[in-house]
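Below is one structure, written out as structure tokens; comments come after it.
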Amino acid sequence: MQRRVTFDSRLLPYLLLAPQVAVTLVFFIWPAAQAIWQSVHLQDAFGIRSEFVWFENFTYVLSDPNYLDTLKTTVIFSVAVTVLAMGVALLLAVLADSKIKGARVYKTLLIWPYALAPAVAAVLWMFIFNPDIGSFGRALRAFGYDWDYRLNGGQALAMVILAASWKQVSYNFIFFLAGLQAIPRSVMEAASIDGAGPARRFWTITFPLLSPTTFFLLVVDMVYAFFETFGTIHALTQGGPGKATETLIFRVYQDGVVNNDLGGSSAQSVILMVIVIALTAVQFRFVERKVHYA
Amino acid sequence: MATVDIRNVRKSYGPVEAIKGIDIAIRDGEFLVLLGPSGCGKSTLLRMVAGLETITGGEVAIGGRVVNQLDPKDRDIAMVFQNYALYPHMTVFDNMAYGLKIRGLPKAEIRARVDKAAAILELGRFLDRRPSQLSGGQRQRVAMGRAIVREPAAFLFDEPLSNLDAKLRTQMRVEIKRLQDRLRITSLYVTHDQVEAMTLADRILVMNHGVAEQIGTPLEVYQRPASLFVAGFIGSPPMNVLDGRIDDRGEAVDLAGGIRLALPQPRLSDAGRAVKLGVRPEHLATADSGFAIEVELVEALGADTVVYGRLAGGESLLVRVAGLPTCRNGDRLTVAPPPDALHLFDAVTGRRLEG
């Protein structure tokens with residue numbers, strides 16, 4: 001049964017909606033519109049004149065082999081971050097859900113990283129992985145492993161993936177834990193009486209019942225990996241070495257802010273926007289069908 | 001099919017002893033009801049038999065095999081939960097087949113067993129549905145089907161009807177009874193509902209504060225309650241309990257207000273003893289002498305009538321008579337029980353005085 005809320009004043013509902021609408025307008029619709037407008041214009045180097053160029057910016061961007069490399073990096077980065085962040089969070093949540101001593105402390109500690117600014121988190125990771133001053137980085141070198149993410153692109157990518165995932169683990173953890181705790185204990189008990197061991201209980205009962213949570217986190221984590229990891233990459237590697245850790249969002253910044261190619265950068269952000277919208281739509285369309293909502 | 005033996009079973013949570021040593025041997029095919037108020041430990045006892053709670057002391061044996069250290073899956077039992085505990089993401093068929101698939105039964109065998117159980121429970125039309133598409137009664141039938149297909153040594157029921165409305169509860173109670181007559185599988189059934197206990201049980205174990213107050217057939221428990229607690233718990237409306245004293249010759253009970261009731265047999269050994277006298281409301285009938293009451297409230301239930309009376313000394317007395325009311329508020333009545341309907345309990349311990 002849906003309840004209809006009625007207001008005495010006709011103005012009140014609009015007034016209540018206004019702040020949300022204002023925020024969306026100022027921080028999303030306006031910049032998005034501006035990006036679209038700029039993506040079909042070409043500006044001169046001093047930003048004085050701009051010229052309408054149809055889809056020239058797009059053809060330029062899409063025919064650039066560097067751009068396709070960046071796209072590949074982004075896919076690797078996003079898939080790895082999503083899988084890693086969700087896998088680790090699920091594992092930790094399952095452990096936290098079982099009866100262990102100090103579970104409360106454990107849960108609280110796991111949530112903390114989420115409160116950290118990306119740049120601060122990145123500095124933290126730098127202190128661990130820096131080959132000269134980082135504890136782990138120096139240890140690796142001491143064992144004879146040639147660790148230097150400033151020179152080795154693969155190592156750099158692995159490091160930003162690790163840092164970006166770590167940041168998202170806490171967020172996923174909260175949701176997974178809540179999802180686990182929403183599964184009635186008696187259902188698990190019934191399964192164990194039916195003869196299912198812990199592993200089978202997890203894969204045949206827990207995991208399917210968690211699917212709404214998993215699906216939600218999949219969408220959120222993909223969007224996170226595409227958009228919100230800029231700070232982490234910027235602080236750790238600036239997209240380097242070479243372009244080894246340059247993702248689409250980082251390239252938008254690089255081309256637009258550093259290289260002053262506003263048209264190209266805007267075209268890229270429009271492409272990025274389309275990719276994320278398409279990805280989310282695909283996830284809702286195809287993955288959600290397999291999701292069971294209790 | 002198997003016996004279930006519970007030998008001096010105890011359960012402690014830290015220093016708190018929840019179950020203080022329960023002993024009962026459940027016969028093969030017997031239906032035992034664990035009856036008691038909430039918090040008496042009946043569910044805990046059942047969960048210890050299931051293996052969902054550890055056993056602090058004593059032994060549980062199923063089919064002669066001590067199962068204390070076994071996992072639930074190795075105890076060869078099936079359980080029906082109060083909230084059904086169905087797997088919400090599976091169809092009715094898959095819910096029932098889950099345990100059989102795990103045991104690696106051939107597909108045809110699984111199909112046959114589920115179809116048979118579905119036929120018994122009239123679930124055939126619903127096999128492809130999800131639990132969320134079923135009513136409460138249907139869900140509980142699926143939960144029972146899941147237990148039946150396993151053909152376990154024993155069924156455990158944990159308040160299976162408590163989530164159903166009154167009408168459905170009566171209906172399901174009858175179905176369980178029929179099922180039990182047909183399958184004859186050893187069953188432990190936890191409930192706080194005395195009607196379920198009286199109608200379903202071969203024997204009832206009445207529990208209170210982690211102790212077995214009485215073990216007996218439903219009629220034994222009703223006719224010869226072993227303690228004041230059992231007397232008050234079984235029977236509706238509850239038994240009247242009055243303070244009294246057995247006279248010096250052991251022939252009668254003296255009550256407040258000069259009321260004197262003769263005992264069916266003299267009890268010389270109890271002469272002069274302070275007692276609690278119990279009389280069931282349905283055993284009181286109008287008489288020339290006995291309890292003089294003033295009627296305070298009359299509940300007409302149709303088939304019978306409950307009269308709330310008050311004695312001169314201020315104690316209340318319930319009377320239940322068949323048929324429609326014949327008195328009104330403010331009326332004065334005299335009622336008395338037949339001598340063999342008196343229950344005597346020790347005033348201090350609350351235990352029944354036998355004999």
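Scheme for the structure tokens: letters A, B, ... for chains in order shown; per-chain residue numbers from 1; ligand numbers from 1 in order shown.
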Please identify every residue of chain B that has at least one atom no farther than 7 Å from an atom of chain A, counting only C-alpha atoms, and for each give the shortest atom pair and the distance in Å to one decimal, arranged by chain then increasing number, as a Markdown table.
```
| residue | atom | partner | partner_atom | distance |
| --- | --- | --- | --- | --- |
| B:Pro72 | CA | A:Ile193 | CA | 5.0 |
| B:Lys73 | CA | A:Gly195 | CA | 4.2 |
| B:Ala78 | CA | A:Ile193 | CA | 6.5 |
| B:Ala85 | CA | A:Val187 | CA | 4.5 |
| B:Leu86 | CA | A:Val187 | CA | 6.3 |
| B:Tyr87 | CA | A:Val187 | CA | 6.5 |
| B:Pro88 | CA | A:Ala294 | CA | 6.3 |
| B:His89 | CA | A:His292 | CA | 6.2 |
| B:Gly99 | CA | A:Asp194 | CA | 4.5 |
| B:Ile102 | CA | A:Gly195 | CA | 6.5 |
```
Selection to disk with all heavy atoms, as a short mmCIF file (atom, residue, chain, number, x, y, z; two decimals), in the first residue's frame:
```cif
data_model
loop_
_atom_site.label_atom_id
_atom_site.label_comp_id
_atom_site.auth_asym_id
_atom_site.auth_seq_id
_atom_site.Cartn_x
_atom_site.Cartn_y
_atom_site.Cartn_z
N PRO B 72 24.77 -30.66 13.37
CA PRO B 72 23.34 -30.91 13.08
C PRO B 72 23.16 -31.83 11.88
O PRO B 72 22.28 -32.67 11.88
CB PRO B 72 22.81 -29.51 12.78
CG PRO B 72 23.73 -28.57 13.47
CD PRO B 72 25.07 -29.23 13.50
N LYS B 73 24.00 -31.66 10.86
CA LYS B 73 23.79 -32.42 9.63
C LYS B 73 24.03 -33.91 9.81
O LYS B 73 23.55 -34.71 9.04
CB LYS B 73 24.67 -31.87 8.50
CG LYS B 73 26.16 -32.07 8.68
CD LYS B 73 26.90 -31.39 7.54
CE LYS B 73 28.38 -31.30 7.76
NZ LYS B 73 29.09 -32.57 7.59
N ALA B 78 15.23 -33.55 11.30
CA ALA B 78 14.72 -32.44 10.48
C ALA B 78 13.99 -31.50 11.42
O ALA B 78 13.43 -31.93 12.42
CB ALA B 78 13.79 -32.95 9.40
N ALA B 85 11.66 -20.37 8.04
CA ALA B 85 13.07 -20.51 7.62
C ALA B 85 13.20 -21.16 6.26
O ALA B 85 14.06 -22.00 6.04
CB ALA B 85 13.87 -21.30 8.68
N LEU B 86 12.32 -20.78 5.33
CA LEU B 86 12.46 -21.29 3.96
C LEU B 86 13.57 -20.50 3.27
O LEU B 86 13.90 -19.39 3.66
CB LEU B 86 11.14 -21.11 3.21
CG LEU B 86 9.96 -21.88 3.79
CD1 LEU B 86 8.70 -21.57 3.01
CD2 LEU B 86 10.23 -23.37 3.77
N TYR B 87 14.12 -21.10 2.21
CA TYR B 87 15.14 -20.40 1.42
C TYR B 87 14.41 -19.50 0.44
O TYR B 87 13.79 -20.00 -0.51
CB TYR B 87 16.03 -21.41 0.69
CG TYR B 87 16.52 -22.52 1.61
CD1 TYR B 87 16.31 -23.85 1.30
CD2 TYR B 87 17.16 -22.21 2.81
CE1 TYR B 87 16.74 -24.86 2.16
CE2 TYR B 87 17.59 -23.21 3.66
CZ TYR B 87 17.37 -24.53 3.34
OH TYR B 87 17.79 -25.52 4.18
N PRO B 88 14.44 -18.18 0.65
CA PRO B 88 13.54 -17.31 -0.11
C PRO B 88 13.85 -17.25 -1.60
O PRO B 88 12.99 -16.92 -2.39
CB PRO B 88 13.75 -15.93 0.54
CG PRO B 88 15.00 -16.03 1.33
CD PRO B 88 15.23 -17.47 1.64
N HIS B 89 15.08 -17.61 -1.99
CA HIS B 89 15.45 -17.49 -3.39
C HIS B 89 15.22 -18.79 -4.17
O HIS B 89 15.57 -18.88 -5.32
CB HIS B 89 16.91 -17.08 -3.51
CG HIS B 89 17.84 -18.02 -2.79
ND1 HIS B 89 17.76 -18.25 -1.44
CD2 HIS B 89 18.85 -18.78 -3.23
CE1 HIS B 89 18.69 -19.11 -1.09
NE2 HIS B 89 19.37 -19.45 -2.16
N GLY B 99 17.99 -30.53 0.83
CA GLY B 99 18.68 -31.50 1.68
C GLY B 99 18.98 -32.81 0.94
O GLY B 99 19.99 -33.45 1.19
N ILE B 102 21.96 -32.34 -1.44
CA ILE B 102 23.22 -32.36 -0.69
C ILE B 102 23.63 -33.79 -0.38
O ILE B 102 24.80 -34.14 -0.44
CB ILE B 102 23.07 -31.53 0.61
CG1 ILE B 102 22.97 -30.06 0.26
CG2 ILE B 102 24.24 -31.80 1.55
CD1 ILE B 102 22.68 -29.17 1.41
#
```
- Item | His234 of chain A surroundings by only C-alpha atoms, 9 Å radius, close-in-sequence under 4 positions cut, as a ChimeraX atom specification | /A:119,122,229-230,238-239,250
- Write out as number ranges by chain each polymer residue whose atoms come within 9 Å of segment 122-136 of chain B, counting only C-alpha atoms; drop sequence neighbours fewer than 4 positions from it. A: 294; B: 84, 86-95, 115, 117-118, 140-142, 145, 163-165, 168
Write the residues you've just listed into a file as a PDB file, in the first residue's frame, and include N, CA, C and O atoms for each of them.
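Everything below was put into again35.pdb:
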```pdb
ATOM      1  N   ALA A 294      14.306 -10.276  -1.794  1.00  0.00           N
ATOM      2  CA  ALA A 294      13.464 -11.074  -0.876  1.00  0.00           C
ATOM      3  C   ALA A 294      12.109 -10.410  -0.664  1.00  0.00           C
ATOM      4  O   ALA A 294      11.999  -9.207  -0.682  1.00  0.00           O
TER       5      ALA A 294
ATOM      6  N   TYR B  84       9.347 -20.350   9.714  1.00  0.00           N
ATOM      7  CA  TYR B  84       9.409 -21.209   8.522  1.00  0.00           C
ATOM      8  C   TYR B  84      10.842 -21.446   8.043  1.00  0.00           C
ATOM      9  O   TYR B  84      11.175 -22.548   7.653  1.00  0.00           O
ATOM     10  N   LEU B  86      12.325 -20.777   5.329  1.00  0.00           N
ATOM     11  CA  LEU B  86      12.459 -21.287   3.964  1.00  0.00           C
ATOM     12  C   LEU B  86      13.568 -20.499   3.265  1.00  0.00           C
ATOM     13  O   LEU B  86      13.898 -19.388   3.661  1.00  0.00           O
ATOM     14  N   TYR B  87      14.119 -21.102   2.206  1.00  0.00           N
ATOM     15  CA  TYR B  87      15.138 -20.398   1.423  1.00  0.00           C
ATOM     16  C   TYR B  87      14.408 -19.502   0.437  1.00  0.00           C
ATOM     17  O   TYR B  87      13.786 -19.998  -0.509  1.00  0.00           O
ATOM     18  N   PRO B  88      14.435 -18.184   0.652  1.00  0.00           N
ATOM     19  CA  PRO B  88      13.544 -17.305  -0.108  1.00  0.00           C
ATOM     20  C   PRO B  88      13.854 -17.253  -1.597  1.00  0.00           C
ATOM     21  O   PRO B  88      12.991 -16.915  -2.386  1.00  0.00           O
ATOM     22  N   HIS B  89      15.077 -17.612  -1.986  1.00  0.00           N
ATOM     23  CA  HIS B  89      15.446 -17.491  -3.391  1.00  0.00           C
ATOM     24  C   HIS B  89      15.215 -18.785  -4.166  1.00  0.00           C
ATOM     25  O   HIS B  89      15.569 -18.876  -5.322  1.00  0.00           O
ATOM     26  N   MET B  90      14.634 -19.778  -3.499  1.00  0.00           N
ATOM     27  CA  MET B  90      14.408 -21.047  -4.180  1.00  0.00           C
ATOM     28  C   MET B  90      12.907 -21.306  -4.305  1.00  0.00           C
ATOM     29  O   MET B  90      12.118 -20.851  -3.491  1.00  0.00           O
ATOM     30  N   THR B  91      12.559 -22.099  -5.320  1.00  0.00           N
ATOM     31  CA  THR B  91      11.163 -22.493  -5.473  1.00  0.00           C
ATOM     32  C   THR B  91      10.805 -23.490  -4.379  1.00  0.00           C
ATOM     33  O   THR B  91      11.678 -24.002  -3.672  1.00  0.00           O
ATOM     34  N   VAL B  92       9.507 -23.754  -4.265  1.00  0.00           N
ATOM     35  CA  VAL B  92       9.037 -24.729  -3.287  1.00  0.00           C
ATOM     36  C   VAL B  92       9.726 -26.075  -3.519  1.00  0.00           C
ATOM     37  O   VAL B  92      10.209 -26.713  -2.583  1.00  0.00           O
ATOM     38  N   PHE B  93       9.811 -26.461  -4.792  1.00  0.00           N
ATOM     39  CA  PHE B  93      10.463 -27.744  -5.106  1.00  0.00           C
ATOM     40  C   PHE B  93      11.911 -27.735  -4.607  1.00  0.00           C
ATOM     41  O   PHE B  93      12.355 -28.660  -3.923  1.00  0.00           O
ATOM     42  N   ASP B  94      12.637 -26.664  -4.931  1.00  0.00           N
ATOM     43  CA  ASP B  94      14.052 -26.611  -4.544  1.00  0.00           C
ATOM     44  C   ASP B  94      14.223 -26.532  -3.037  1.00  0.00           C
ATOM     45  O   ASP B  94      15.193 -27.063  -2.490  1.00  0.00           O
ATOM     46  N   ASN B  95      13.294 -25.881  -2.369  1.00  0.00           N
ATOM     47  CA  ASN B  95      13.341 -25.843  -0.919  1.00  0.00           C
ATOM     48  C   ASN B  95      13.294 -27.248  -0.335  1.00  0.00           C
ATOM     49  O   ASN B  95      14.041 -27.593   0.559  1.00  0.00           O
ATOM     50  N   ASP B 115       7.499 -35.125  -4.812  1.00  0.00           N
ATOM     51  CA  ASP B 115       6.129 -35.242  -5.303  1.00  0.00           C
ATOM     52  C   ASP B 115       5.229 -35.914  -4.270  1.00  0.00           C
ATOM     53  O   ASP B 115       4.091 -35.513  -4.062  1.00  0.00           O
ATOM     54  N   ALA B 117       5.671 -36.011  -0.957  1.00  0.00           N
ATOM     55  CA  ALA B 117       5.427 -35.096   0.166  1.00  0.00           C
ATOM     56  C   ALA B 117       4.456 -33.996  -0.247  1.00  0.00           C
ATOM     57  O   ALA B 117       3.566 -33.616   0.523  1.00  0.00           O
ATOM     58  N   ALA B 118       4.631 -33.486  -1.471  1.00  0.00           N
ATOM     59  CA  ALA B 118       3.757 -32.419  -1.954  1.00  0.00           C
ATOM     60  C   ALA B 118       2.321 -32.904  -2.029  1.00  0.00           C
ATOM     61  O   ALA B 118       1.375 -32.160  -1.747  1.00  0.00           O
ATOM     62  N   GLN B 140       4.279 -22.819   5.917  1.00  0.00           N
ATOM     63  CA  GLN B 140       4.562 -23.764   6.984  1.00  0.00           C
ATOM     64  C   GLN B 140       4.443 -25.196   6.467  1.00  0.00           C
ATOM     65  O   GLN B 140       5.171 -26.077   6.903  1.00  0.00           O
ATOM     66  N   ARG B 141       3.554 -25.399   5.515  1.00  0.00           N
ATOM     67  CA  ARG B 141       3.453 -26.738   4.930  1.00  0.00           C
ATOM     68  C   ARG B 141       4.707 -27.075   4.133  1.00  0.00           C
ATOM     69  O   ARG B 141       5.173 -28.212   4.150  1.00  0.00           O
ATOM     70  N   VAL B 142       5.256 -26.076   3.439  1.00  0.00           N
ATOM     71  CA  VAL B 142       6.510 -26.309   2.716  1.00  0.00           C
ATOM     72  C   VAL B 142       7.611 -26.673   3.710  1.00  0.00           C
ATOM     73  O   VAL B 142       8.386 -27.610   3.488  1.00  0.00           O
ATOM     74  N   GLY B 145       7.122 -30.081   4.580  1.00  0.00           N
ATOM     75  CA  GLY B 145       7.499 -30.926   3.455  1.00  0.00           C
ATOM     76  C   GLY B 145       9.002 -31.114   3.395  1.00  0.00           C
ATOM     77  O   GLY B 145       9.495 -32.222   3.159  1.00  0.00           O
ATOM     78  N   ASN B 163       3.178 -18.319  14.323  1.00  0.00           N
ATOM     79  CA  ASN B 163       3.059 -17.160  13.426  1.00  0.00           C
ATOM     80  C   ASN B 163       1.764 -17.150  12.623  1.00  0.00           C
ATOM     81  O   ASN B 163       1.560 -16.270  11.811  1.00  0.00           O
ATOM     82  N   LEU B 164       0.912 -18.151  12.849  1.00  0.00           N
ATOM     83  CA  LEU B 164      -0.312 -18.241  12.051  1.00  0.00           C
ATOM     84  C   LEU B 164      -1.489 -17.653  12.819  1.00  0.00           C
ATOM     85  O   LEU B 164      -1.468 -17.590  14.043  1.00  0.00           O
ATOM     86  N   ASP B 165      -2.526 -17.237  12.082  1.00  0.00           N
ATOM     87  CA  ASP B 165      -3.699 -16.717  12.783  1.00  0.00           C
ATOM     88  C   ASP B 165      -4.509 -17.882  13.356  1.00  0.00           C
ATOM     89  O   ASP B 165      -4.295 -19.043  13.020  1.00  0.00           O
ATOM     90  N   LEU B 168      -6.158 -20.645  11.075  1.00  0.00           N
ATOM     91  CA  LEU B 168      -5.166 -21.446  10.366  1.00  0.00           C
ATOM     92  C   LEU B 168      -4.426 -22.370  11.331  1.00  0.00           C
ATOM     93  O   LEU B 168      -4.054 -23.490  10.990  1.00  0.00           O
TER      94      LEU B 168
END
```
- May I have the residues within 6 Å of segment 210-225 of chain B as a ChimeraX atom specification, using only C-alpha atoms and disregarding those fewer than 5 positions away in the same chain? /B:18-20,40-41,198,202-205,230-231
- Item | Atom-to-atom span, atom CA of Ala156 of chain A and atom CA of Thr245 of chain A, Å | 6.7 Å
- Query: Pick the closest to Ile246 of chain B from B:Val335, B:Leu344, B:Gly278, B:Val33: which is it, counting only C-alpha atoms?
  - Reply: B:Leu344
- Note on the structure: From atom CA of Val26 of chain A to atom CA of Leu116 of chain A the spacing works out at 25.8 Å
- Task: Mind listing the strand (DSSP E) residues of segment 186-305 of chain B, per DSSP on the backbone, as a ChimeraX atom specification?
- Result: /B:186-191,203-208,211-216,240-246,252-255,260-262,274-279,285-300,304-305
- Residues within 9 Å of Trp37 of chain A, only C-alpha atoms, excluding chain neighbours under 4 positions, as a VMD selection string: chain A and resid 32 to 33 41 263 266
Mind checking which residues fall within 7 Å of segment 273-275 of chain B, counting only C-alpha atoms, ignoring those fewer than 2 positions away in the same chain, and posting them as a PDB file with C-alpha atoms, in the first residue's frame?
```pdb
ATOM      1  CA  ASP B 243      -5.406 -21.474  50.974  1.00  0.00           C
ATOM      2  CA  GLY B 244      -6.560 -24.167  53.350  1.00  0.00           C
ATOM      3  CA  ARG B 245      -5.607 -26.555  56.103  1.00  0.00           C
ATOM      4  CA  ILE B 246      -6.318 -30.252  56.492  1.00  0.00           C
ATOM      5  CA  ASP B 270      -1.356 -34.987  56.478  1.00  0.00           C
ATOM      6  CA  ALA B 271      -3.535 -33.980  59.431  1.00  0.00           C
ATOM      7  CA  LEU B 277      -6.581 -26.438  47.401  1.00  0.00           C
ATOM      8  CA  LEU B 344      -4.197 -30.773  47.121  1.00  0.00           C
ATOM      9  CA  PHE B 345      -0.783 -29.135  46.920  1.00  0.00           C
ATOM     10  CA  ASP B 346       1.803 -28.509  49.621  1.00  0.00           C
ATOM     11  CA  ALA B 347       1.488 -24.862  50.651  1.00  0.00           C
TER      12      ALA B 347
END
```
